Amino acid sequence: MIAELHGKISSRGTNLRETLEDNLTGNVFGSLRYIPFSKGIKPILLSVIDEQYFGEYEAEEWAERVEFWPYDKEGELDLVINLDLVSIAIEVKYNSKLSSEDDVSNEDDNNEKSINQLARESRIIKEIAKARGTTPILLFIARENEGKEIINNVLSRNIIAAEVMLKFISWEDICTSFESLFKSDNLSYFEKVVVGDIYKLLIRKGFNRFKDFTASLDNEVVVEDKYYVFKDNKKNELYINQNISEKFSFISNINVNEGEHYEFI
């Protein structure tokens with residue numbers, strides 16, 4: 001909805017394929033505005049930004065402190081969050097690369113301006129923060145592997161504007177944060193509905209990580225040289241206020257032939 005309200009999606013949705021990042025940005029951060037600051041966005045930001053940069057009396061109603069896709073002659077940030085002590089510019093990537101790039105490198109302490117997208121956006125947030133008297137932070141969000149590669153490249157070239165802190169958080173980490181938020185006891189029923197919807201969306205986008213699994217053997221002894229089949233009893237869909245079994249069962253009453261192919265069910 002936020003992306004469409006800002007003209008990122010046509011009224012008929014004919015450009016949805018080209019605006020997937022904008023739609024994801026609006027769905028996640030637009031929905032987060034309905035959650036008090038300390039319960040929603042702050043725990044996510046704290047994973048990469050120190051507590052000292054958040055005011056002691058930061059407003060819980062923070063929806064009016066967010067600006068989506070503000071225009072600047074240097075480019076367009078996905079959103080800016082203006083807090084008491086910091087101005088946070090957020091650049092979101094989903095499946096695309098940086099919109100602009102060059103070979104500029106300031107390794108010898110020269111100060112050549114780069115047209116690299118993150119370099120341009122660092123200059124934008126520096127000016128915004130300067131006008132507000134706050135600390136400028138540029139937060140980059142992307143898939144883990146691609147994002148780390150981009151950040152390492154940019155930092156090695158020293159092309160981010162002076163005084164701007166460049167931070168990175170992956171979509172996978174954000175998905176994990178939403179999982180923790182959803183499982184916490186700090187949210188009201190309606191807040192949990194919003195967080196649960198965002199969490200399900202991120203899972204659907206493929207941002208959930210495989211962590212581990214637990215196996216309940218019911219005192220059964222696992223014998224060397226025997227074969228076992230794991231059966232997953234866990235439902236794939238996330239249901240609010242419903243317990244989901246995470247038990248793996250061992251099935252040992254079938255014949256398994258060595259050298260043949262078997263799959264987890």
# chains A, B, ... in the order shown; residues from 1 in each chain; ligands from 1
>>> residues_around(residues="segment 49-55 of chain A", least_positions_apart="5", cutoff="12 Å", atoms="only C-alpha atoms", output="list of chain:residue names")
A:Phe37, A:Ser38, A:Ile41, A:Lys42, A:Pro43, A:Ile44, A:Glu60, A:Ile81, A:Asn82, A:Leu83, A:Asp84, A:Leu85, A:Val86, A:Ser87, A:Ile88, A:Thr134, A:Thr135, A:Pro136, A:Ile137, A:Leu138, A:Leu139, A:Met165, A:Leu166, A:Lys167, A:Phe168, A:Ile169
>>> write_last_selection(atoms="C-alpha atoms", output="compact mmCIF listing (two decimals), in the first residue's frame")
# COMPACT_ATOMS: atom_id res chain seq x y z
CA PHE A 37 9.19 2.26 18.48
CA SER A 38 10.65 0.27 21.39
CA ILE A 41 11.92 -1.12 14.77
CA LYS A 42 14.26 -0.38 17.70
CA PRO A 43 15.16 -4.04 18.48
CA ILE A 44 16.03 -4.50 14.81
CA GLU A 60 6.95 5.57 20.80
CA ILE A 81 14.03 7.77 9.91
CA ASN A 82 14.56 11.02 11.81
CA LEU A 83 15.10 10.30 15.50
CA ASP A 84 16.21 12.54 18.36
CA LEU A 85 19.94 11.83 18.06
CA VAL A 86 20.37 10.24 14.64
CA SER A 87 19.12 10.49 11.08
CA ILE A 88 19.02 7.02 9.52
CA THR A 134 22.05 14.72 14.38
CA THR A 135 24.46 11.88 13.64
CA PRO A 136 24.14 10.50 10.08
CA ILE A 137 23.80 6.74 9.58
CA LEU A 138 23.39 4.91 6.27
CA LEU A 139 21.86 1.47 6.76
CA MET A 165 28.39 5.62 9.70
CA LEU A 166 27.75 2.85 7.18
CA LYS A 167 25.89 -0.12 8.66
CA PHE A 168 24.66 -3.36 7.14
CA ILE A 169 21.94 -5.78 8.15
>>> residues_around(residues="Glu172 of chain A", least_positions_apart="2", cutoff="12 Å", atoms="only C-alpha atoms", output="short mmCIF file (atom, residue, chain, number, x, y, z; two decimals) with N, CA and C atoms, in the first residue's frame")
data_model
loop_
_atom_site.label_atom_id
_atom_site.label_comp_id
_atom_site.auth_asym_id
_atom_site.auth_seq_id
_atom_site.Cartn_x
_atom_site.Cartn_y
_atom_site.Cartn_z
N ILE A 44 15.35 -4.16 16.06
CA ILE A 44 16.03 -4.50 14.81
C ILE A 44 17.23 -3.59 14.60
N TYR A 94 16.72 -6.08 -2.94
CA TYR A 94 16.07 -7.39 -2.88
C TYR A 94 16.77 -8.33 -3.86
N ILE A 141 20.43 -2.66 3.47
CA ILE A 141 19.75 -3.93 3.67
C ILE A 141 19.77 -4.72 2.37
N ALA A 142 20.25 -5.95 2.43
CA ALA A 142 20.32 -6.81 1.25
C ALA A 142 20.42 -8.26 1.71
N ARG A 143 20.41 -9.17 0.76
CA ARG A 143 20.67 -10.56 1.09
C ARG A 143 22.08 -10.66 1.67
N GLU A 144 22.29 -11.62 2.54
CA GLU A 144 23.51 -11.68 3.33
C GLU A 144 24.78 -11.70 2.49
N ASN A 145 24.91 -12.66 1.59
CA ASN A 145 26.15 -12.82 0.84
C ASN A 145 26.42 -11.63 -0.08
N GLU A 146 25.40 -11.23 -0.85
CA GLU A 146 25.58 -10.11 -1.77
C GLU A 146 25.84 -8.81 -1.02
N GLY A 147 25.13 -8.62 0.09
CA GLY A 147 25.28 -7.39 0.86
C GLY A 147 26.67 -7.23 1.46
N PHE A 168 25.30 -2.35 7.99
CA PHE A 168 24.66 -3.36 7.14
C PHE A 168 23.91 -4.37 7.99
N ILE A 169 22.70 -4.70 7.55
CA ILE A 169 21.94 -5.78 8.15
C ILE A 169 21.31 -6.58 7.02
N SER A 170 21.39 -7.88 7.10
CA SER A 170 20.86 -8.73 6.03
C SER A 170 19.38 -8.98 6.23
N ILE A 174 17.11 -9.78 9.63
CA ILE A 174 15.84 -9.13 9.92
C ILE A 174 14.75 -10.17 10.13
N CYS A 175 14.75 -11.20 9.31
CA CYS A 175 13.77 -12.28 9.46
C CYS A 175 13.91 -12.94 10.82
N THR A 176 15.15 -13.18 11.25
CA THR A 176 15.39 -13.77 12.57
C THR A 176 14.90 -12.84 13.67
N SER A 177 15.09 -11.54 13.49
CA SER A 177 14.62 -10.57 14.48
C SER A 177 13.10 -10.60 14.60
N PHE A 178 12.42 -10.71 13.46
CA PHE A 178 10.96 -10.77 13.49
C PHE A 178 10.48 -12.07 14.14
N GLU A 179 11.22 -13.13 13.95
CA GLU A 179 10.87 -14.37 14.63
C GLU A 179 10.93 -14.19 16.14
N TYR A 199 6.59 -11.33 9.35
CA TYR A 199 7.44 -12.52 9.47
C TYR A 199 7.10 -13.54 8.39
N LEU A 202 8.46 -12.39 5.02
CA LEU A 202 9.90 -12.58 4.87
C LEU A 202 10.25 -14.04 4.64
N ILE A 203 9.52 -14.93 5.29
CA ILE A 203 9.72 -16.36 5.04
C ILE A 203 9.35 -16.70 3.60
N ARG A 204 8.25 -16.15 3.15
CA ARG A 204 7.81 -16.40 1.77
C ARG A 204 8.83 -15.89 0.76
N LYS A 205 9.53 -14.82 1.11
CA LYS A 205 10.56 -14.27 0.23
C LYS A 205 11.85 -15.09 0.27
N GLY A 206 11.92 -16.06 1.18
CA GLY A 206 13.09 -16.93 1.24
C GLY A 206 14.19 -16.44 2.15
N PHE A 207 13.85 -15.59 3.14
CA PHE A 207 14.87 -15.01 4.01
C PHE A 207 15.09 -15.77 5.31
N ASN A 208 14.34 -16.85 5.52
CA ASN A 208 14.52 -17.62 6.75
C ASN A 208 15.74 -18.52 6.62
N ARG A 209 16.46 -18.67 7.73
CA ARG A 209 17.66 -19.50 7.76
C ARG A 209 17.35 -20.87 8.33
N PHE A 210 18.07 -21.89 7.83
CA PHE A 210 18.03 -23.18 8.51
C PHE A 210 18.95 -23.10 9.72
N LYS A 211 18.43 -23.45 10.89
CA LYS A 211 19.23 -23.36 12.11
C LYS A 211 19.69 -24.74 12.55
#
>>> closest_residue(among="A:Glu61, A:Ala161, A:Lys73, A:Phe182", to="Asp197 of chain A", atoms="only C-alpha atoms")
A:Phe182
>>> atom_distance(atom1="atom CA of Asn27 of chain A", atom2="atom CA of Glu191 of chain A")
15.0 Å
>>> decode(residues="segment 77-188 of chain A", atoms="C-alpha atoms", output="compact mmCIF listing (two decimals), in the first residue's frame")
# COMPACT_ATOMS: atom_id res chain seq x y z
CA LEU A 77 16.78 7.04 -0.54
CA ASP A 78 14.27 4.29 0.17
CA LEU A 79 13.41 5.84 3.51
CA VAL A 80 14.75 8.14 6.20
CA ILE A 81 14.03 7.77 9.91
CA ASN A 82 14.56 11.02 11.81
CA LEU A 83 15.10 10.30 15.50
CA ASP A 84 16.21 12.54 18.36
CA LEU A 85 19.94 11.83 18.06
CA VAL A 86 20.37 10.24 14.64
CA SER A 87 19.12 10.49 11.08
CA ILE A 88 19.02 7.02 9.52
CA ALA A 89 18.91 6.59 5.76
CA ILE A 90 17.92 3.11 4.62
CA GLU A 91 18.75 1.61 1.24
CA VAL A 92 16.95 -1.64 0.43
CA LYS A 93 18.02 -4.25 -2.09
CA TYR A 94 16.07 -7.39 -2.88
CA ASN A 95 17.20 -8.95 -6.15
CA SER A 96 18.88 -6.00 -7.85
CA LYS A 97 22.39 -4.56 -7.70
CA LEU A 98 23.47 -1.00 -6.94
CA SER A 99 21.95 1.44 -9.41
CA SER A 100 25.26 3.18 -10.16
CA GLU A 101 28.95 2.37 -9.83
CA ASP A 102 32.42 3.57 -10.86
CA ASP A 103 36.10 2.83 -10.21
CA VAL A 104 36.76 5.65 -7.75
CA SER A 105 38.96 4.66 -4.82
CA ASN A 106 40.24 7.00 -2.13
CA GLU A 107 42.81 4.65 -0.66
CA ASP A 108 45.48 7.38 -0.81
CA ASP A 109 43.35 9.79 1.26
CA ASN A 110 42.24 11.74 -1.78
CA ASN A 111 38.64 12.93 -1.67
CA GLU A 112 37.22 12.17 -5.09
CA LYS A 113 33.43 11.90 -5.22
CA SER A 114 32.06 8.58 -6.39
CA ILE A 115 28.78 7.97 -8.19
CA ASN A 116 28.49 4.63 -6.39
CA GLN A 117 24.90 4.49 -5.10
CA LEU A 118 25.87 4.12 -1.44
CA ALA A 119 28.45 6.89 -1.75
CA ARG A 120 25.83 9.24 -3.19
CA GLU A 121 23.34 8.33 -0.50
CA SER A 122 25.91 8.90 2.23
CA ARG A 123 26.24 12.49 1.01
CA ILE A 124 22.46 12.88 1.07
CA ILE A 125 22.04 11.69 4.66
CA LYS A 126 25.04 13.76 5.76
CA GLU A 127 23.26 16.93 4.61
CA ILE A 128 19.97 15.85 6.21
CA ALA A 129 21.69 15.16 9.53
CA LYS A 130 23.67 18.40 9.34
CA ALA A 131 20.45 20.39 9.00
CA ARG A 132 18.92 18.56 11.98
CA GLY A 133 22.04 18.52 14.16
CA THR A 134 22.05 14.72 14.38
CA THR A 135 24.46 11.88 13.64
CA PRO A 136 24.14 10.50 10.08
CA ILE A 137 23.80 6.74 9.58
CA LEU A 138 23.39 4.91 6.27
CA LEU A 139 21.86 1.47 6.76
CA PHE A 140 22.13 -0.96 3.85
CA ILE A 141 19.75 -3.93 3.67
CA ALA A 142 20.32 -6.81 1.25
CA ARG A 143 20.67 -10.56 1.09
CA GLU A 144 23.51 -11.68 3.33
CA ASN A 145 26.15 -12.82 0.84
CA GLU A 146 25.58 -10.11 -1.77
CA GLY A 147 25.28 -7.39 0.86
CA LYS A 148 28.53 -8.24 2.63
CA GLU A 149 30.39 -8.23 -0.67
CA ILE A 150 29.03 -4.78 -1.55
CA ILE A 151 29.80 -3.34 1.89
CA ASN A 152 33.36 -4.70 1.93
CA ASN A 153 33.98 -3.25 -1.53
CA VAL A 154 32.66 0.19 -0.59
CA LEU A 155 34.58 0.36 2.68
CA SER A 156 37.84 -0.73 1.05
CA ARG A 157 37.55 2.16 -1.43
CA ASN A 158 36.86 4.80 1.25
CA ILE A 159 34.10 6.49 -0.75
CA ILE A 160 31.50 7.02 2.00
CA ALA A 161 31.11 10.64 3.07
CA ALA A 162 33.09 11.63 6.15
CA GLU A 163 31.25 11.38 9.48
CA VAL A 164 28.62 9.03 8.04
CA MET A 165 28.39 5.62 9.70
CA LEU A 166 27.75 2.85 7.18
CA LYS A 167 25.89 -0.12 8.66
CA PHE A 168 24.66 -3.36 7.14
CA ILE A 169 21.94 -5.78 8.15
CA SER A 170 20.86 -8.73 6.03
CA TRP A 171 17.30 -9.70 5.24
CA GLU A 172 18.10 -13.01 6.88
CA ASP A 173 18.99 -11.23 10.14
CA ILE A 174 15.84 -9.13 9.92
CA CYS A 175 13.77 -12.28 9.46
CA THR A 176 15.39 -13.77 12.57
CA SER A 177 14.62 -10.57 14.48
CA PHE A 178 10.96 -10.77 13.49
CA GLU A 179 10.87 -14.37 14.63
CA SER A 180 12.13 -13.26 18.05
CA LEU A 181 9.64 -10.39 18.17
CA PHE A 182 6.79 -12.72 17.29
CA LYS A 183 7.73 -15.17 20.02
CA SER A 184 8.16 -12.47 22.67
CA ASP A 185 5.55 -11.63 25.30
CA ASN A 186 5.91 -7.87 24.84
CA LEU A 187 3.37 -7.45 22.05
CA SER A 188 -0.36 -6.97 22.27
